[in-house]
file model_21.txt (compact mmCIF, C-alpha atoms)
# COMPACT_ATOMS: atom_id res chain seq x y z
CA MET A 52 77.87 12.96 50.79
CA THR A 53 79.84 14.29 47.82
CA SER A 54 78.70 11.44 45.60
CA ASP A 55 75.09 12.42 46.28
CA LEU A 56 75.83 15.99 45.23
CA ILE A 57 77.54 14.93 42.01
CA ALA A 58 74.78 12.57 40.88
CA GLU A 59 73.18 13.75 37.65
CA ASP A 60 69.45 13.82 36.96
CA ASP A 61 68.51 11.77 33.92
CA TYR A 62 65.28 13.70 33.40
CA PRO A 63 65.14 16.93 31.37
CA ASP A 64 64.98 20.18 33.29
CA PRO A 65 61.45 21.60 33.72
CA SER A 66 60.59 24.73 31.80
CA LEU A 67 60.12 28.10 33.51
CA ASP A 68 56.37 27.79 32.87
CA GLU A 69 56.35 24.40 34.59
CA LEU A 70 58.15 25.99 37.52
CA GLY A 71 55.45 28.67 37.71
CA VAL A 72 57.73 31.65 36.99
CA GLY A 73 57.49 31.92 33.20
CA GLU A 74 55.60 35.23 33.11
CA LEU A 75 58.33 36.97 35.11
CA PHE A 76 60.85 36.41 32.33
CA ALA A 77 58.70 36.68 29.21
CA GLU A 78 60.24 39.96 28.00
CA ALA A 79 63.79 39.45 29.26
CA PRO A 80 66.53 38.97 26.63
CA GLU A 81 69.20 36.42 27.42
CA PRO A 82 72.40 37.93 28.92
CA PHE A 83 74.56 36.15 26.35
CA HIS A 84 73.09 38.47 23.69
CA ASP A 85 75.61 41.00 25.03
CA LEU A 86 78.25 38.86 23.32
CA LEU A 87 76.87 39.84 19.91
CA ALA A 88 78.28 42.79 18.00
CA ALA A 89 76.62 46.15 18.66
CA PRO A 90 74.45 47.71 15.92
CA ALA A 91 76.43 49.46 13.19
CA GLU A 92 75.09 52.92 14.10
CA GLN A 93 76.37 52.52 17.67
CA ILE A 94 79.78 51.41 16.44
CA ASP A 95 80.01 54.44 14.10
CA GLU A 96 79.33 56.80 17.00
CA LEU A 97 81.98 55.16 19.19
CA LEU A 98 84.57 54.56 16.48
CA PRO A 99 86.85 57.48 17.51
CA LEU A 100 86.99 56.03 21.02
CA MET A 101 87.57 52.38 20.10
CA PRO A 102 90.82 50.85 21.38
CA GLN A 103 94.08 50.85 19.50
CA ARG A 104 95.21 47.27 19.03
CA THR A 105 98.72 45.81 18.99
CA ALA A 106 100.15 43.26 16.55
CA ALA A 107 102.29 41.02 18.77
CA PRO A 108 100.89 37.71 20.09
CA GLN A 109 99.45 37.80 23.59
CA THR A 110 99.12 35.39 26.48
CA TRP A 111 97.05 36.22 29.54
CA VAL A 112 97.38 35.32 33.20
CA VAL A 113 94.01 35.66 34.95
CA THR A 114 93.87 35.80 38.75
CA VAL A 115 91.17 36.58 41.32
CA ALA A 116 91.48 40.09 42.74
CA ASP A 117 88.68 39.56 45.28
CA ALA A 118 85.79 37.20 45.91
CA LYS A 119 82.61 37.26 47.98
CA PHE A 120 79.68 34.93 48.63
CA HIS A 121 76.06 36.11 48.71
CA TRP A 122 73.20 33.87 49.87
CA TYR A 123 70.95 33.79 46.80
CA ASP A 124 68.01 32.13 48.60
CA LEU A 125 67.42 35.37 50.49
CA VAL A 126 66.48 37.19 47.27
CA ALA A 127 65.15 34.27 45.22
CA GLY A 128 61.71 34.30 46.82
CA PHE A 129 60.97 37.82 45.51
CA PRO A 130 60.77 39.32 49.04
CA GLU A 131 59.34 42.71 49.88
CA ILE A 132 61.74 45.62 50.38
CA PRO A 133 63.44 44.88 53.72
CA ASP A 134 62.85 47.10 56.74
CA ILE A 135 66.19 48.84 57.37
CA ARG A 136 65.13 49.63 60.94
CA ASP A 137 65.54 45.92 61.65
CA PRO A 138 69.08 44.45 61.90
CA VAL A 139 68.21 41.55 59.58
CA GLY A 140 66.54 43.99 57.19
CA ARG A 141 69.72 46.09 57.09
CA HIS A 142 71.74 42.95 56.38
CA LEU A 143 69.42 42.02 53.48
CA ARG A 144 69.48 45.55 52.08
CA ARG A 145 73.29 45.66 52.15
CA MET A 146 73.41 42.39 50.25
CA GLN A 147 70.90 43.75 47.76
CA PHE A 148 73.01 46.89 47.28
CA ASP A 149 76.12 44.77 46.75
CA LEU A 150 74.40 42.66 44.11
CA GLU A 151 72.85 45.67 42.39
CA ALA A 152 76.29 47.28 42.17
CA THR A 153 77.56 44.36 40.10
CA MET A 154 75.14 45.05 37.22
CA GLU A 155 77.46 47.73 35.80
CA LYS A 156 80.65 45.72 36.32
CA ARG A 157 82.23 42.88 34.38
CA LEU A 158 82.56 40.34 37.16
CA ILE A 159 82.34 36.55 37.10
CA TYR A 160 79.78 34.75 39.23
CA PHE A 161 79.28 31.10 40.12
CA ALA A 162 75.89 29.81 41.24
CA VAL A 163 76.82 27.16 43.80
CA ASN A 164 74.86 24.69 45.90
CA ARG A 165 75.71 23.55 49.40
CA PRO A 166 73.75 21.14 51.63
CA ARG A 167 71.05 22.91 53.64
CA VAL A 168 72.13 24.27 57.06
CA ARG A 169 69.99 26.22 59.52
CA PHE A 170 70.13 27.51 63.07
CA ASP A 171 67.84 25.60 65.43
CA PRO A 172 65.75 28.16 67.36
CA SER A 173 63.96 25.37 69.25
CA ARG A 174 67.11 24.80 71.32
CA SER A 175 68.97 27.28 73.49
CA THR A 176 72.37 28.85 72.94
CA SER A 177 74.94 28.61 75.72
CA TRP A 178 77.99 30.56 76.84
CA GLY A 179 81.35 29.18 77.94
CA PHE A 180 82.54 29.99 81.46
CA PHE A 181 84.33 33.35 81.70
CA SER A 182 84.59 33.66 77.92
CA LEU A 183 82.81 34.87 74.81
CA LYS A 184 82.54 31.35 73.37
CA LEU A 185 78.96 30.94 72.22
CA THR A 186 77.56 27.53 71.32
CA VAL A 187 74.71 27.70 68.81
CA PRO A 188 72.54 24.69 67.87
CA ILE A 189 72.14 23.99 64.15
CA LEU A 190 70.26 21.61 61.86
CA VAL A 191 72.34 20.01 59.09
CA GLY A 192 71.25 18.52 55.77
CA ALA A 193 67.85 17.81 54.30
CA GLU A 194 67.07 15.49 57.20
CA GLY A 195 67.77 18.25 59.76
CA LYS A 196 70.40 16.40 61.77
CA ARG A 197 71.02 18.06 65.13
CA ASP A 198 74.47 19.54 65.66
CA SER A 199 76.05 22.68 67.08
CA ILE A 200 78.89 25.08 66.42
CA THR A 201 80.91 27.07 68.92
CA ILE A 202 82.09 30.53 67.93
CA GLU A 203 84.40 32.81 69.89
CA LEU A 204 83.17 36.38 69.64
CA GLU A 205 85.24 39.53 69.88
CA VAL A 206 83.85 42.67 71.50
CA PRO A 207 83.29 45.30 68.77
CA PHE A 208 84.67 48.81 69.21
CA ALA A 209 81.20 50.38 69.48
CA ALA A 210 79.93 47.88 72.07
CA THR A 211 78.64 49.08 75.43
CA LEU A 212 78.08 45.55 76.78
CA LYS A 213 80.75 42.96 77.55
CA LYS A 214 78.49 40.15 76.40
CA PRO A 215 75.69 40.53 73.83
CA SER A 216 72.09 39.40 74.09
CA VAL A 217 71.37 36.77 71.44
CA VAL A 218 68.32 36.18 69.24
CA VAL A 219 68.25 33.20 66.89
CA THR A 220 65.96 32.44 63.95
CA ASP A 221 66.43 29.62 61.48
CA ARG A 222 68.52 31.77 59.11
CA PHE A 223 69.94 34.57 61.26
CA ILE A 224 71.58 35.20 64.60
CA THR A 225 71.39 38.71 66.04
CA LEU A 226 73.95 39.92 68.59
CA ASN A 227 72.97 43.05 70.55
CA TRP A 228 76.07 44.66 72.05
CA GLY A 229 74.20 47.71 73.34
CA GLY A 230 75.82 50.32 71.14
CA LEU A 231 75.86 47.98 68.15
CA ILE A 232 73.60 45.24 66.80
CA GLU A 233 75.08 42.62 64.46
CA ALA A 234 73.00 40.31 62.26
CA LEU A 235 74.76 37.30 60.75
CA SER A 236 73.25 34.65 58.51
CA ILE A 237 74.05 30.98 59.06
CA HIS A 238 76.38 31.10 56.05
CA ASP A 239 78.14 34.21 57.40
CA VAL A 240 78.81 32.35 60.63
CA LEU A 241 80.05 29.19 58.88
CA GLN A 242 82.44 31.24 56.75
CA GLN A 243 83.75 33.49 59.52
CA TYR A 244 84.24 30.95 62.31
CA GLU A 245 85.97 27.59 62.44
CA ASN A 246 83.63 24.61 62.42
CA ALA A 247 83.64 20.88 61.75
CA LEU A 248 81.38 20.90 58.67
CA THR A 249 83.21 19.67 55.59
CA PHE A 250 80.73 20.39 52.77
CA GLN A 251 81.94 21.53 49.36
CA SER A 252 80.43 24.07 46.97
CA LYS A 253 79.01 22.54 43.80
CA VAL A 254 79.23 24.90 40.81
CA GLN A 255 75.94 24.73 38.92
CA TYR A 256 76.22 27.73 36.60
CA VAL A 257 78.80 30.31 35.51
CA GLY A 258 77.97 33.80 34.29
CA GLN A 259 78.96 37.43 34.03
CA THR A 260 77.32 40.09 36.19
CA ARG A 261 77.18 42.87 33.58
CA ASP A 262 73.46 43.42 32.91
CA PRO A 263 71.84 46.89 32.70
CA LEU A 264 68.52 45.33 33.80
CA GLY A 265 70.07 44.14 37.07
CA ARG A 266 68.21 40.83 36.95
CA LEU A 267 70.67 38.82 39.02
CA ALA A 268 70.04 40.91 42.15
CA ARG A 269 66.26 40.69 41.67
CA ALA A 270 66.18 36.94 40.94
CA ARG A 271 64.88 37.63 37.42
CA LEU A 272 67.64 35.86 35.49
CA PRO A 273 65.94 32.79 33.96
CA ALA A 274 68.93 30.43 33.89
CA VAL A 275 69.94 31.14 37.49
CA GLN A 276 66.39 30.99 38.79
CA LYS A 277 65.93 27.67 37.00
CA VAL A 278 69.00 26.26 38.74
CA HIS A 279 67.61 27.49 42.04
CA GLN A 280 64.20 25.94 41.48
CA ASN A 281 65.74 22.59 40.52
CA ASN A 282 67.99 22.39 43.58
CA SER A 283 66.30 24.33 46.38
CA GLU A 284 64.62 21.46 48.22
CA ASP A 285 67.70 19.96 49.88
CA ASN A 286 70.32 22.62 49.18
CA ASP A 287 71.16 26.25 49.82
CA MET A 288 72.29 28.32 46.85
CA LEU A 289 74.90 31.04 46.99
CA LEU A 290 76.51 33.33 44.44
CA LEU A 291 80.29 33.49 44.46
CA ILE A 292 81.20 36.76 42.75
CA GLN A 293 84.79 37.30 41.67
CA ARG A 294 86.64 40.31 40.28
CA MET A 295 89.33 39.16 37.90
CA ASN A 296 92.72 40.68 37.20
CA VAL A 297 94.12 40.00 33.71
CA GLU A 298 97.85 40.39 33.12
CA VAL A 299 98.75 40.63 29.42
CA ILE A 300 102.13 39.24 28.39
CA SER A 301 103.21 40.50 24.96
CA ASP A 302 106.23 42.03 23.25
CA ASP A 303 104.06 45.08 22.55
CA GLY A 304 102.90 45.34 26.14
CA ASP A 305 99.32 45.61 27.36
CA PRO A 306 97.12 47.57 24.91
CA ALA A 307 95.15 48.90 27.90
CA GLU A 308 98.25 50.90 28.91
CA LEU A 309 98.57 52.74 25.60
CA PRO A 310 97.82 56.50 25.86
CA ALA A 311 95.38 56.18 22.95
CA ASN A 312 93.28 53.79 25.01
CA ASP A 313 92.99 56.09 28.01
CA ASN A 314 89.24 56.57 27.70
CA PRO A 315 86.30 54.67 29.26
CA VAL A 316 85.06 53.19 25.97
CA ALA A 317 88.43 51.73 24.95
CA ALA A 318 89.07 50.43 28.47
CA ASP A 319 85.68 48.71 28.60
CA VAL A 320 86.05 47.14 25.14
CA LEU A 321 89.40 45.62 26.10
CA LEU A 322 88.06 44.44 29.46
CA LYS A 323 85.00 42.95 27.75
CA ASP A 324 87.26 40.92 25.43
CA ARG A 325 89.08 39.47 28.41
CA ILE A 326 86.13 38.75 30.69
CA ASP A 327 84.05 37.29 27.84
CA ALA A 328 86.86 34.81 27.13
CA VAL A 329 87.32 34.01 30.83
CA GLU A 330 83.57 33.46 31.27
CA CYS A 331 83.40 31.08 28.30
CA ALA A 332 86.43 29.13 29.52
CA LEU A 333 85.01 28.73 33.03
CA ILE A 334 81.68 27.60 31.59
CA ARG A 335 83.54 24.97 29.59
CA TYR A 336 85.58 23.91 32.62
CA PHE A 337 82.80 23.62 35.21
CA GLU A 338 79.82 22.81 33.00
CA GLY A 339 81.57 20.53 30.52
CA PRO A 340 81.61 20.52 26.70
CA GLN A 341 77.83 20.09 26.42
CA MET A 342 77.04 23.11 28.65
CA HIS A 343 74.01 21.32 30.14
CA GLY A 344 70.95 23.55 30.22
CA ARG A 345 72.20 26.08 27.65
CA SER A 346 70.81 26.36 24.14
CA ASP A 347 72.60 25.56 20.89
CA LYS A 348 72.15 29.22 19.96
CA GLU A 349 74.07 30.32 23.04
CA ALA A 350 76.85 27.80 22.35
CA ASP A 351 77.21 29.11 18.79
CA ILE A 352 77.26 32.74 19.91
CA ARG A 353 79.93 31.98 22.50
CA LYS A 354 82.11 30.20 19.92
CA GLN A 355 81.73 33.13 17.57
CA ARG A 356 82.69 35.56 20.32
CA VAL A 357 85.80 33.78 21.61
CA ARG A 358 86.98 33.24 18.03
CA GLN A 359 86.70 37.01 17.55
CA VAL A 360 88.56 37.66 20.83
CA LYS A 361 91.36 35.36 19.70
CA GLU A 362 91.73 37.07 16.34
CA ILE A 363 91.63 40.72 17.36
CA ASN A 364 93.91 40.22 20.38
CA HIS A 365 96.29 37.72 18.70
CA LEU A 366 95.62 35.58 21.74
CA GLU A 367 97.73 32.40 21.87
CA SER A 368 96.65 31.05 25.27
CA PHE A 369 95.60 32.10 28.75
CA ARG A 370 95.75 30.67 32.25
CA ILE A 371 92.99 31.13 34.85
CA ASP A 372 94.16 30.82 38.45
CA LEU A 373 91.24 30.74 40.90
CA ARG A 374 93.42 30.46 44.01
CA LEU A 375 92.89 32.96 46.82
CA GLU A 376 95.40 34.08 49.41
CA ASN A 377 93.33 32.91 52.38
CA PRO A 378 90.60 30.59 51.09
CA GLY A 379 88.02 29.07 53.39
CA LYS A 380 86.11 25.81 53.13
CA TYR A 381 83.42 27.49 51.04
CA HIS A 382 86.03 27.77 48.28
CA ASP A 383 86.25 23.98 47.93
CA LEU A 384 84.67 24.15 44.47
CA PHE A 385 83.67 21.20 42.31
CA SER A 386 81.24 20.18 39.59
CA PRO A 387 80.41 16.97 37.70
CA HIS A 388 83.26 17.94 35.36
CA ALA A 389 85.81 19.33 37.85
CA GLY A 390 87.10 17.62 40.99
CA VAL A 391 87.06 19.28 44.41
CA SER A 392 89.80 21.84 44.99
CA ARG A 393 90.55 25.28 46.41
CA SER A 394 93.28 25.61 43.80
CA HIS A 395 91.67 25.39 40.37
CA ILE A 396 94.28 26.41 37.79
CA ILE A 397 93.18 26.08 34.16
CA ASP A 398 95.23 26.40 30.97
CA CYS A 399 93.08 27.55 28.06
CA THR A 400 93.44 27.78 24.29
CA ILE A 401 90.90 28.66 21.61
CA ALA A 402 90.51 26.34 18.62
CA ASP A 403 89.95 27.67 15.11
CA ASP A 404 86.23 26.90 15.37
CA GLY A 405 85.90 28.93 18.59
CA GLU A 406 85.86 25.95 20.96
CA VAL A 407 87.61 26.74 24.25
CA LEU A 408 89.99 23.92 25.16
CA VAL A 409 90.71 23.68 28.88
CA THR A 410 93.31 21.65 30.76
CA ARG A 411 93.45 21.54 34.52
CA VAL A 412 96.86 22.03 36.09
CA PRO A 413 97.24 19.31 38.77
CA ASP A 414 97.16 20.46 42.38
CA LYS A 415 100.51 20.41 44.10
CA VAL A 416 100.78 17.46 46.46
CA LYS A 417 102.60 18.18 49.70
CA THR A 418 105.40 15.69 50.26
CA LYS A 419 106.71 14.74 53.65
CA PRO A 420 110.28 15.95 54.34
call {"tool": "encode", "arguments": {"input": "model_21.txt", "output": "C-alpha cells"}}
result
Amino acid sequence: MTSDLIAEDDYPDPSLDELGVGELFAEAPEPFHDLLAAPAEQIDELLPLMPQRTAAPQTWVVTVADAKFHWYDLVAGFPEIPDIRDPVGRHLRRMQFDLEATMEKRLIYFAVNRPRVRFDPSRSTSWGFFSLKLTVPILVGAEGKRDSITIELEVPFAATLKKPSVVVTDRFITLNWGGLIEALSIHDVLQQYENALTFQSKVQYVGQTRDPLGRLARARLPAVQKVHQNNSEDNDMLLLIQRMNVEVISDDGDPAELPANDNPVAADVLLKDRIDAVECALIRYFEGPQMHGRSDKEADIRKQRVRQVKEINHLESFRIDLRLENPGKYHDLFSPHAGVSRSHIIDCTIADDGEVLVTRVPDKVKTKP
C-alpha cells in the first residue's frame, strides 16, 4: 500500500487551465511573494517600530505548539455557503471559520493525502448489547473494500437520550442525543476512535497560512488546488495546520523579549524571520532539493530570503521537532523524500548561497530490557 502511495508520476503536472480552474487564479499573486522585501515607502513608515537586533550568534529549537487536521476536500469543490441550521452545515462552517482565521497568522500547513475512506450508507449500523458501542460500515480505498469500525460513544453532558439516533451519509455520521446533535466526518471518527486502519499521511506540499486574501480556506490557492486535482481520484486530502514555538538560544537572549521590541510590528517581523526559515526547511525536507512543482523563481526567492534571515539573526543552525505529546495514526507523515514517522526531527543549517541543508535525526529504537 505504501509503495503505491510513494510512486512518482513520470509525466509533467497539468496546468491550471488544463484542469479547468485557470480563470479562478488569473489575478492571484503567488504567496511566496510575501518573502520579498516590502516597498521602501512602507519600510520608511515602519522604521521606528522595526525590531532591535542582537549581535550574538543564535540557534533555534522549533517545536509544535498545537496541530489540527482539516478535510480539504470539503472546501475544494467550491461549495455554497453551508446551512448552519443543519448539523453538517454547522460542522462545515466551523471548519471554514477555523481556516479563515489562519489567514492572519503565521502557521505552517501540510497538504497531505490519505487513501479514500467513506461511510457505507447502504448498510446498517448496529449497537452492542447493553453498551454504547456502535459498529459503522465503511468503504476503504479506491476499490471501495467493505469493512467496519466500532466506536464506543460517551453520553454528552447536554444529552437527553441515553442512546442517540444515527444518520449516516458517505462522509458524515450524525448523532442525535435529543438535547444535542453531533456531526462527525469520517476523518473525525478515524482520528478520535481506535481502529484497525494503518494508512499513513503523504505530505504533498508545505506552506505558510499567512495570506490576506484568505485563499487557502476558499480553495483558491493555485499550488494546493493543483495538488488536489492531481490526487483526488483515489485519495482524500487534508490540511495539517501547525502552530510553531521557536526557542532562541543565544548569549544575548531572545530579541523578542527586549523591551524595545514590545510592539506588534517588531514582534511580527521577528516571527516572520523564524517561520519563513522553518517553512523553507520543511519544504526542503519533505519535497526534496528540486521542490517538484515549484518554479525556479520561487526557489531563488526562498534562497534569497533564508540567506537574509541567517545574516540578520546571526543564525548558526536550528532544529525542527515535529513530535507531538499524544500523536495519532494520522501523524504518521512521509513523502518520497522522508520515511514514515511520527517523530520527524530535523537539524537545519543555511549555506552561504541560501540553500537549506537538512539532516534527519534518526528515530529512537526501543530496545528490549
call {"tool": "residues_around", "arguments": {"input": "model_21.txt", "residues": "Ser173 (chain A)", "least_positions_apart": "4", "cutoff": "10 Å", "atoms": "all atoms listed in the file", "output": "PyMOL selection string"}}
result
chain A and resi 188-189+219-221
call {"tool": "residues_around", "arguments": {"input": "model_21.txt", "residues": "region 178-181 of chain A", "least_positions_apart": "3", "cutoff": "12 Å", "atoms": "all atoms listed in the file", "output": "PyMOL selection string"}}
result
chain A and resi 175+184-187+200-204+213-217
call {"tool": "write_last_selection", "arguments": {"input": "model_21.txt", "atoms": "C-alpha atoms", "output": "compact mmCIF listing (two decimals), in the coordinates of the input"}}
result
# COMPACT_ATOMS: atom_id res chain seq x y z
CA SER A 175 68.97 27.28 73.49
CA LYS A 184 82.54 31.35 73.37
CA LEU A 185 78.96 30.94 72.22
CA THR A 186 77.56 27.53 71.32
CA VAL A 187 74.71 27.70 68.81
CA ILE A 200 78.89 25.08 66.42
CA THR A 201 80.91 27.07 68.92
CA ILE A 202 82.09 30.53 67.93
CA GLU A 203 84.40 32.81 69.89
CA LEU A 204 83.17 36.38 69.64
CA LYS A 213 80.75 42.96 77.55
CA LYS A 214 78.49 40.15 76.40
CA PRO A 215 75.69 40.53 73.83
CA SER A 216 72.09 39.40 74.09
CA VAL A 217 71.37 36.77 71.44
call {"tool": "closest_atom_pairs", "arguments": {"input": "model_21.txt", "of": "region 289-370 of chain A", "to": "region 377-384 of chain A", "cutoff": "12 Å", "atoms": "all atoms listed in the file", "output": "tab-separated table"}}
result
residue	atom	partner	partner_atom	distance
A:Leu289	CA	A:Tyr381	CA	10.1
A:Leu290	CA	A:Tyr381	CA	11.2
A:Leu291	CA	A:His382	CA	9.0
A:Ile292	CA	A:His382	CA	11.6
A:Gln293	CA	A:His382	CA	11.7
A:Tyr336	CA	A:Leu384	CA	11.9
A:Phe337	CA	A:Leu384	CA	9.5
call {"tool": "closest_residue", "arguments": {"input": "model_21.txt", "among": "A:Val357, A:Met101, A:Val275, A:Val240", "to": "Gly344 (chain A)", "atoms": "all atoms listed in the file"}}
result
A:Val275
call {"tool": "closest_residue", "arguments": {"input": "model_21.txt", "among": "A:Glu131, A:Asp372, A:Asp414, A:Asp124", "to": "Glu298 (chain A)", "atoms": "all atoms listed in the file"}}
result
A:Asp372
call {"tool": "closest_residue", "arguments": {"input": "model_21.txt", "among": "A:Asp149, A:Asp302, A:Glu205, A:Asp198", "to": "Ser182 (chain A)", "atoms": "all atoms listed in the file"}}
result
A:Glu205
call {"tool": "atom_distance", "arguments": {"input": "model_21.txt", "atom1": "CA of Asp319 (chain A)", "atom2": "CA of Ala106 (chain A)"}}
result
19.6 Å
call {"tool": "decode", "arguments": {"input": "model_21.txt", "residues": "region 283-299 of chain A", "atoms": "C-alpha atoms", "output": "short mmCIF file (atom, residue, chain, number, x, y, z; two decimals), in the first residue's frame"}}
result
data_model
loop_
_atom_site.label_atom_id
_atom_site.label_comp_id
_atom_site.auth_asym_id
_atom_site.auth_seq_id
_atom_site.Cartn_x
_atom_site.Cartn_y
_atom_site.Cartn_z
CA SER A 283 -8.28 13.45 -5.75
CA GLU A 284 -9.40 10.36 -7.66
CA ASP A 285 -8.16 7.70 -5.24
CA ASN A 286 -7.20 9.81 -2.21
CA ASP A 287 -8.62 12.17 0.36
CA MET A 288 -6.71 15.38 1.02
CA LEU A 289 -6.38 17.03 4.39
CA LEU A 290 -4.57 20.10 5.70
CA LEU A 291 -2.44 19.61 8.78
CA ILE A 292 -2.02 23.06 10.32
CA GLN A 293 0.63 23.55 12.98
CA ARG A 294 1.47 26.46 15.26
CA MET A 295 5.18 26.53 15.93
CA ASN A 296 7.05 27.60 19.03
CA VAL A 297 10.59 28.89 18.44
CA GLU A 298 13.04 28.95 21.34
CA VAL A 299 16.06 31.18 20.69
#
